[in-house]
Amino acid sequence: MGASDPLRQASGSDGPVGAITLRVLTVNIHKGYTLFNSRFMLNELRDAIREVKSDLVFLQEVIGKSDVAALHVEPVQYEFLADTLWPEHAYGRNAVVSGRSFGNAVLSNFPIISFRNHTLSTGPGEPRGLLHCVLDLGPGRDPLHVMCTHLGLTERQRQHQLSELRTLVDRDVPPGAPLILAGDFNDWRSRVDAMLAPLDLVEVFRHADGRNAPTFPARWPLLKLDRIYVRGIANARPLPMPRQPWAQLSDHAPLAAEVQLREHP
């Protein structure tokens with residue numbers, strides 16, 4: 001990467017001093033089911049997610065706490081996945097259907113100072129949200145802002161949701177603060193990158209490979225729906241993920257990246 005590299009420019013130097021490296025994973029877990037809801041794979045998903053040994057996990061389509069009056073009270077999936085390995089987690093509920101809560105979640109090895117779930121949707125269609133967490137990286141380091149989202153299925157919905165997302169980033173994330181934004185953007189035309197460019201957000205896979213990574217359907221990935229964006233960091237690179245067992249675990253393939261964070265001067 002040269003001097004004009006946007007990630008390198010964010011570090012303010014040619015080589016990050018005192019940087020720490022994080023492993024990041026994002027995956028739409030489809031409520032624990034495979035494509036077409038043919039099999040429930042939550043136990044296998046937990047094993048696969050743990051195998052990646054990520055510091056941060058961004059999850060979409062996660063089941064939260066169900067209404068006790070619901071016919072089938074299911075486990076709180078983000079707690080089940082985080083159990084004993086990620087001491088911190090946050091959940092943002094976006095919808096409740098028949099007593100079942102759905103939303104996004106973040107699992108973290110670092111203390112979560114604060115978190116807030118923002119509604120992105122208006123009008124008809126499945127409710128969508130943005131879960132914003134602020135993490136404590138330790139003395140002498142700026143807090144890390146992480147955002148997990150799942151955008152709508154139509155272009156019109158996504159345009160509205162991205163406008164709301166841009167407003168939230170401008171309002172709630174200081175310009176120099178490190179930021180990781182990841183999730184399922186439902187964008188198969190690669191238009192989200194351009195809409196987020198004014199925020200100086202860089203998509204890790206497009207930056208490294210010249211294109212976004214295909215993630216859907218998991219067995220034969222063709223559509224580039226999932227993304228990892230970064231800002232205010234020293235460097236980032238994609239991490240290869242094995243085809244198996246992931247092709248059998250959800251309808252989306254996961255994305256992973258290694259992100260270097262700079263120490264505050």
# chains A, B, ... in the order shown; residues from 1 in each chain; ligands from 1
>>> residues_around(residues="range 109-121 of chain A", least_positions_apart="5", cutoff="10 Å", atoms="only C-alpha atoms", output="ChimeraX atom specification")
/A:22,54-57,82,85-94,103-104,126-138,143-152,157-158,160-165,168
>>> residues_around(residues="Asn43 in chain A", least_positions_apart="4", cutoff="9 Å", atoms="only C-alpha atoms", output="PDB file with C-alpha atoms, in the first residue's frame")
ATOM      1  CA  GLY A  32     -29.708 -20.539  13.165  1.00  0.00           C
ATOM      2  CA  ASP A  47     -18.391 -24.279  16.884  1.00  0.00           C
ATOM      3  CA  ALA A  48     -17.526 -22.652  13.553  1.00  0.00           C
ATOM      4  CA  PHE A  80     -25.588 -19.001  23.551  1.00  0.00           C
ATOM      5  CA  LEU A  81     -22.961 -18.101  20.943  1.00  0.00           C
TER       6      LEU A  81
END
>>> closest_residue(among="A:Arg23, A:Arg243, A:Arg100, A:Arg156", to="Ile180 in chain A", atoms="only C-alpha atoms")
A:Arg23
>>> residues_around(residues="Ser250 in chain A", least_positions_apart="3", cutoff="7 Å", atoms="only C-alpha atoms", output="mmCIF file with C-alpha atoms, in the first residue's frame")
data_model
loop_
_atom_site.group_PDB
_atom_site.id
_atom_site.type_symbol
_atom_site.label_atom_id
_atom_site.label_comp_id
_atom_site.auth_asym_id
_atom_site.auth_seq_id
_atom_site.Cartn_x
_atom_site.Cartn_y
_atom_site.Cartn_z
ATOM 1 C CA ILE A 29 -26.841 -16.509 10.895
ATOM 2 C CA HIS A 30 -30.399 -16.719 9.459
ATOM 3 C CA GLY A 32 -29.708 -20.539 13.165
ATOM 4 C CA TYR A 33 -31.147 -22.198 10.049
ATOM 5 C CA THR A 34 -29.677 -23.230 6.717
ATOM 6 C CA LEU A 35 -30.946 -22.004 3.338
ATOM 7 C CA ALA A 218 -23.481 -19.716 1.072
ATOM 8 C CA ALA A 247 -21.537 -23.604 3.247
#
>>> residues_around(residues="range 220-234 of chain A", least_positions_apart="4", cutoff="7 Å", atoms="only C-alpha atoms", output="PyMOL selection string")
chain A and resi 7-8+10-11+16+176-188+200-204+212-216+260-262
>>> select_by_dssp(residues="range 29-240 of chain A", states="strand (DSSP E or B)", output="PyMOL selection string")
chain A and resi 33+40+56-63+88-97+100-108+112-119+129-135+144-150+179-184+202-203+216+223+226-231+235-239
>>> write_last_selection(atoms="C-alpha atoms", output="PDB file, in the first residue's frame")
ATOM      1  CA  TYR A  33     -31.147 -22.198  10.049  1.00  0.00           C
ATOM      2  CA  PHE A  40     -31.398 -25.911  12.532  1.00  0.00           C
ATOM      3  CA  LEU A  56     -15.228  -9.017  17.471  1.00  0.00           C
ATOM      4  CA  VAL A  57     -18.210 -10.840  15.960  1.00  0.00           C
ATOM      5  CA  PHE A  58     -20.993  -9.026  14.092  1.00  0.00           C
ATOM      6  CA  LEU A  59     -24.205 -11.069  13.823  1.00  0.00           C
ATOM      7  CA  GLN A  60     -27.392 -10.446  11.877  1.00  0.00           C
ATOM      8  CA  GLU A  61     -30.783 -12.207  12.035  1.00  0.00           C
ATOM      9  CA  VAL A  62     -30.242 -13.217  15.644  1.00  0.00           C
ATOM     10  CA  ILE A  63     -33.033 -14.389  17.943  1.00  0.00           C
ATOM     11  CA  GLU A  88     -19.143  -8.811  26.418  1.00  0.00           C
ATOM     12  CA  HIS A  89     -22.119  -8.715  24.080  1.00  0.00           C
ATOM     13  CA  ALA A  90     -24.832  -6.322  22.967  1.00  0.00           C
ATOM     14  CA  TYR A  91     -28.111  -6.897  21.159  1.00  0.00           C
ATOM     15  CA  GLY A  92     -30.353  -4.594  19.168  1.00  0.00           C
ATOM     16  CA  ARG A  93     -33.949  -5.762  18.704  1.00  0.00           C
ATOM     17  CA  ASN A  94     -35.446  -4.760  15.375  1.00  0.00           C
ATOM     18  CA  ALA A  95     -38.635  -6.818  15.191  1.00  0.00           C
ATOM     19  CA  VAL A  96     -40.962  -9.050  17.227  1.00  0.00           C
ATOM     20  CA  VAL A  97     -43.040 -11.640  15.389  1.00  0.00           C
ATOM     21  CA  ARG A 100     -39.979 -13.947  18.843  1.00  0.00           C
ATOM     22  CA  SER A 101     -37.456 -11.119  18.900  1.00  0.00           C
ATOM     23  CA  PHE A 102     -35.015 -10.617  15.994  1.00  0.00           C
ATOM     24  CA  GLY A 103     -32.115  -8.255  15.537  1.00  0.00           C
ATOM     25  CA  ASN A 104     -28.364  -7.679  15.330  1.00  0.00           C
ATOM     26  CA  ALA A 105     -25.712  -8.503  17.907  1.00  0.00           C
ATOM     27  CA  VAL A 106     -22.047  -7.794  18.662  1.00  0.00           C
ATOM     28  CA  LEU A 107     -19.807 -10.150  20.630  1.00  0.00           C
ATOM     29  CA  SER A 108     -16.622  -8.576  22.002  1.00  0.00           C
ATOM     30  CA  ILE A 112     -18.505  -2.400  25.884  1.00  0.00           C
ATOM     31  CA  ILE A 113     -18.697   1.098  27.380  1.00  0.00           C
ATOM     32  CA  SER A 114     -22.075   1.837  25.867  1.00  0.00           C
ATOM     33  CA  PHE A 115     -24.414   0.639  23.150  1.00  0.00           C
ATOM     34  CA  ARG A 116     -27.562   1.847  21.456  1.00  0.00           C
ATOM     35  CA  ASN A 117     -29.828   0.405  18.797  1.00  0.00           C
ATOM     36  CA  HIS A 118     -31.125   2.847  16.174  1.00  0.00           C
ATOM     37  CA  THR A 119     -34.177   2.242  14.011  1.00  0.00           C
ATOM     38  CA  GLY A 129     -31.682  -1.256  12.663  1.00  0.00           C
ATOM     39  CA  LEU A 130     -28.127  -0.168  13.407  1.00  0.00           C
ATOM     40  CA  LEU A 131     -26.481  -1.394  16.623  1.00  0.00           C
ATOM     41  CA  HIS A 132     -23.755   1.055  17.718  1.00  0.00           C
ATOM     42  CA  CYS A 133     -21.307  -0.039  20.420  1.00  0.00           C
ATOM     43  CA  VAL A 134     -18.379   1.869  21.941  1.00  0.00           C
ATOM     44  CA  LEU A 135     -15.522  -0.327  23.159  1.00  0.00           C
ATOM     45  CA  LEU A 144     -13.376   1.853  19.199  1.00  0.00           C
ATOM     46  CA  HIS A 145     -16.772   2.439  17.603  1.00  0.00           C
ATOM     47  CA  VAL A 146     -18.399  -0.629  16.046  1.00  0.00           C
ATOM     48  CA  MET A 147     -21.669  -0.704  14.132  1.00  0.00           C
ATOM     49  CA  CYS A 148     -23.610  -3.785  13.067  1.00  0.00           C
ATOM     50  CA  THR A 149     -26.456  -3.494  10.581  1.00  0.00           C
ATOM     51  CA  HIS A 150     -28.777  -5.366   8.228  1.00  0.00           C
ATOM     52  CA  LEU A 179     -14.763   2.814  13.349  1.00  0.00           C
ATOM     53  CA  ILE A 180     -15.736  -0.641  12.053  1.00  0.00           C
ATOM     54  CA  LEU A 181     -19.082  -1.011  10.291  1.00  0.00           C
ATOM     55  CA  ALA A 182     -20.115  -4.520   9.244  1.00  0.00           C
ATOM     56  CA  GLY A 183     -23.147  -6.578   8.370  1.00  0.00           C
ATOM     57  CA  ASP A 184     -25.557  -7.621   5.653  1.00  0.00           C
ATOM     58  CA  VAL A 202     -13.329   1.896   3.140  1.00  0.00           C
ATOM     59  CA  GLU A 203     -14.651  -1.598   2.363  1.00  0.00           C
ATOM     60  CA  PHE A 216     -24.842 -15.383  -0.957  1.00  0.00           C
ATOM     61  CA  LEU A 223     -24.094 -12.011  -4.708  1.00  0.00           C
ATOM     62  CA  ASP A 226     -22.063  -8.588   3.144  1.00  0.00           C
ATOM     63  CA  ARG A 227     -19.376  -6.011   3.898  1.00  0.00           C
ATOM     64  CA  ILE A 228     -16.757  -4.854   6.404  1.00  0.00           C
ATOM     65  CA  TYR A 229     -16.040  -1.100   6.346  1.00  0.00           C
ATOM     66  CA  VAL A 230     -13.323   0.678   8.345  1.00  0.00           C
ATOM     67  CA  ARG A 231     -12.256   4.226   9.110  1.00  0.00           C
ATOM     68  CA  ASN A 235      -4.439  -1.015   8.159  1.00  0.00           C
ATOM     69  CA  ALA A 236      -6.825  -3.849   7.298  1.00  0.00           C
ATOM     70  CA  ARG A 237      -6.758  -6.999   5.217  1.00  0.00           C
ATOM     71  CA  PRO A 238      -9.242  -9.748   4.349  1.00  0.00           C
ATOM     72  CA  LEU A 239      -8.838 -13.159   5.943  1.00  0.00           C
TER      73      LEU A 239
END
>>> select_by_dssp(residues="range 11-182 of chain A", states="helix (DSSP H, G or I)", output="ChimeraX atom specification")
/A:11,30-32,35-37,42-52,77-82,155-172
>>> write_last_selection(atoms="C-alpha atoms", output="compact mmCIF listing (two decimals), in the first residue's frame")
# COMPACT_ATOMS: atom_id res chain seq x y z
CA SER A 11 -3.01 6.24 10.58
CA HIS A 30 -30.40 -16.72 9.46
CA LYS A 31 -31.84 -17.39 12.95
CA GLY A 32 -29.71 -20.54 13.16
CA LEU A 35 -30.95 -22.00 3.34
CA PHE A 36 -34.72 -22.56 2.96
CA ASN A 37 -34.88 -23.23 6.73
CA LEU A 42 -27.04 -23.25 15.90
CA ASN A 43 -24.73 -25.71 17.69
CA GLU A 44 -22.62 -26.16 14.56
CA LEU A 45 -22.59 -22.38 14.04
CA ARG A 46 -21.24 -21.85 17.53
CA ASP A 47 -18.39 -24.28 16.88
CA ALA A 48 -17.53 -22.65 13.55
CA ILE A 49 -17.65 -19.09 14.93
CA ARG A 50 -15.41 -20.06 17.82
CA GLU A 51 -12.91 -21.68 15.48
CA VAL A 52 -12.21 -18.31 13.83
CA GLN A 77 -28.93 -16.97 20.49
CA TYR A 78 -26.35 -14.24 21.05
CA GLU A 79 -25.90 -15.37 24.66
CA PHE A 80 -25.59 -19.00 23.55
CA LEU A 81 -22.96 -18.10 20.94
CA ALA A 82 -21.00 -15.82 23.30
CA GLU A 155 -33.08 -0.10 -3.38
CA ARG A 156 -35.47 2.52 -2.03
CA GLN A 157 -35.31 1.09 1.48
CA ARG A 158 -31.52 0.95 1.41
CA GLN A 159 -31.19 4.53 0.20
CA HIS A 160 -33.32 5.75 3.10
CA GLN A 161 -31.48 3.53 5.59
CA LEU A 162 -28.05 4.62 4.35
CA SER A 163 -29.08 8.25 4.66
CA GLU A 164 -30.05 7.59 8.29
CA LEU A 165 -26.79 5.67 8.82
CA ARG A 166 -24.70 8.56 7.49
CA THR A 167 -26.48 10.97 9.81
CA LEU A 168 -25.80 8.72 12.82
CA VAL A 169 -22.11 8.33 11.97
CA ASP A 170 -21.68 12.10 11.51
CA ARG A 171 -23.47 12.78 14.78
CA ASP A 172 -22.17 10.04 17.07
>>> closest_residue(among="A:Leu255, A:Val173, A:Val76, A:Leu199", to="Val27 in chain A", atoms="only C-alpha atoms")
A:Leu255
